[in-house]
Amino acid sequence: MFRLIRIAFTLGCLAGLAWFGTQVRLGELTLYEHIQAIGESKASKDLVEGTKQKVSEVSGLGQVVRAKADKVAEKTLAKDDGKPSDAVSENDRKALRKLLESRQ
């Protein structure tokens with residue numbers, strides 16, 4: 001029951017906001033018309049173009065980084081001889097084995 005009331009309240013608020021944005025004048029324009037005018041301004045168009053340009057630069061940089069990471073991965077896999085990359089002392093191996101056996 002509470003969920004139904006909450007949904008009805010939310011829908012009522014959204015409907016009220018939509019009505020207010022399209023019907024109530026704030027100066028010469030409604031809220032919707034103000035937002036539309038801002039979206040069509042030169043400053044917002046410059047912002048969109050600048051953002052697109054930066055995204056394309058970052059995207060290009062991401063491709064370069066991925067290519068270098070792939071090369072490093074290929075070199076690493078080529079060197080893989082099945083041995084662990086870190087040297088582990090025999091005492092550490094025994095301690096680990098003892099710990100694992102105690103958990104069983």
# chains A, B, ... in the order shown; residues from 1 in each chain; ligands from 1
>>> select_by_dssp(residues="range 21-97 of chain A", states="helix (DSSP H, G or I)", output="PyMOL selection string")
chain A and resi 21-23+31-39+42-79+90-97
>>> residues_around(residues="range 48-60 of chain A", least_positions_apart="6", cutoff="10 Å", atoms="only C-alpha atoms", output="short mmCIF file (atom, residue, chain, number, x, y, z; two decimals) with C-alpha atoms, in the first residue's frame")
data_model
loop_
_atom_site.label_atom_id
_atom_site.label_comp_id
_atom_site.auth_asym_id
_atom_site.auth_seq_id
_atom_site.Cartn_x
_atom_site.Cartn_y
_atom_site.Cartn_z
CA GLY A 39 20.80 24.65 -25.49
CA LYS A 42 26.76 29.57 -29.00
CA ARG A 66 45.83 -0.60 -24.97
#
>>> closest_residue(among="A:Gln36, A:Gln104, A:Ser44, A:Asn91", to="Thr22 in chain A", atoms="only C-alpha atoms")
A:Gln36
>>> select_by_dssp(residues="chain A", states="strand (DSSP E or B)", output="VMD selection string")
chain A and resid 25 to 26 29 to 30
>>> write_last_selection(atoms="N, CA, C and O atoms", output="CSV table (one decimal), in the first residue's frame")
chain,number,residue,atom,x,y,z
A,25,ARG,N,5.1,31.2,-16.8
A,25,ARG,CA,6.1,32.1,-17.4
A,25,ARG,C,7.1,32.6,-16.3
A,25,ARG,O,6.7,33.0,-15.3
A,26,LEU,N,8.4,32.5,-16.6
A,26,LEU,CA,9.4,33.0,-15.7
A,26,LEU,C,10.0,34.2,-16.5
A,26,LEU,O,11.0,34.0,-17.2
A,29,LEU,N,9.8,33.9,-20.8
A,29,LEU,CA,9.8,32.5,-21.3
A,29,LEU,C,9.4,31.6,-20.2
A,29,LEU,O,9.5,31.9,-19.0
A,30,THR,N,8.9,30.4,-20.6
A,30,THR,CA,8.7,29.3,-19.6
A,30,THR,C,10.0,28.6,-19.3
A,30,THR,O,11.0,28.9,-20.0
>>> residues_around(residues="range 9-20 of chain A", least_positions_apart="3", cutoff="12 Å", atoms="only C-alpha atoms", output="list in words")
Phe2, Arg3, Leu4, Ile5, Arg6, Gln23, Val24, Arg25, Leu26, Leu29, Thr30, Leu31, Tyr32 and Glu33 of chain A
>>> write_last_selection(atoms="N, CA, C and O atoms", output="short mmCIF file (atom, residue, chain, number, x, y, z; two decimals), in the first residue's frame")
data_model
loop_
_atom_site.label_atom_id
_atom_site.label_comp_id
_atom_site.auth_asym_id
_atom_site.auth_seq_id
_atom_site.Cartn_x
_atom_site.Cartn_y
_atom_site.Cartn_z
N PHE A 2 1.93 1.23 0.84
CA PHE A 2 2.81 2.39 0.92
C PHE A 2 3.51 2.62 -0.41
O PHE A 2 3.71 3.76 -0.83
N ARG A 3 3.89 1.53 -1.09
CA ARG A 3 4.56 1.63 -2.39
C ARG A 3 3.64 2.31 -3.41
O ARG A 3 4.08 3.15 -4.19
N LEU A 4 2.36 1.96 -3.39
CA LEU A 4 1.40 2.56 -4.32
C LEU A 4 1.26 4.06 -4.07
O LEU A 4 1.23 4.86 -5.01
N ILE A 5 1.21 4.44 -2.81
CA ILE A 5 1.11 5.86 -2.47
C ILE A 5 2.37 6.59 -2.91
O ILE A 5 2.30 7.71 -3.46
N ARG A 6 3.52 5.98 -2.69
CA ARG A 6 4.78 6.61 -3.07
C ARG A 6 4.86 6.78 -4.59
O ARG A 6 5.29 7.83 -5.08
N GLN A 23 3.99 25.73 -18.61
CA GLN A 23 2.88 26.68 -18.54
C GLN A 23 3.18 27.97 -17.79
O GLN A 23 2.65 29.01 -18.13
N VAL A 24 4.02 27.92 -16.80
CA VAL A 24 4.27 29.09 -15.96
C VAL A 24 5.40 29.91 -16.57
O VAL A 24 6.49 29.39 -16.83
N ARG A 25 5.14 31.17 -16.81
CA ARG A 25 6.14 32.06 -17.40
C ARG A 25 7.08 32.57 -16.31
O ARG A 25 6.67 33.01 -15.25
N LEU A 26 8.36 32.47 -16.60
CA LEU A 26 9.40 33.01 -15.73
C LEU A 26 10.04 34.16 -16.51
O LEU A 26 10.99 33.99 -17.25
N LEU A 29 9.78 33.91 -20.84
CA LEU A 29 9.76 32.53 -21.30
C LEU A 29 9.39 31.57 -20.18
O LEU A 29 9.54 31.89 -19.00
N THR A 30 8.94 30.37 -20.56
CA THR A 30 8.71 29.32 -19.58
C THR A 30 10.05 28.64 -19.28
O THR A 30 11.05 28.87 -19.97
N LEU A 31 10.05 27.79 -18.27
CA LEU A 31 11.27 27.07 -17.92
C LEU A 31 11.76 26.24 -19.11
O LEU A 31 12.95 26.23 -19.43
N TYR A 32 10.86 25.56 -19.78
CA TYR A 32 11.21 24.76 -20.95
C TYR A 32 11.84 25.63 -22.04
O TYR A 32 12.84 25.26 -22.65
N GLU A 33 11.26 26.81 -22.30
CA GLU A 33 11.79 27.71 -23.32
C GLU A 33 13.16 28.26 -22.93
O GLU A 33 14.03 28.45 -23.78
#
>>> atom_distance(atom1="CA of Ile35 in chain A", atom2="CA of Gly21 in chain A")
9.7 Å
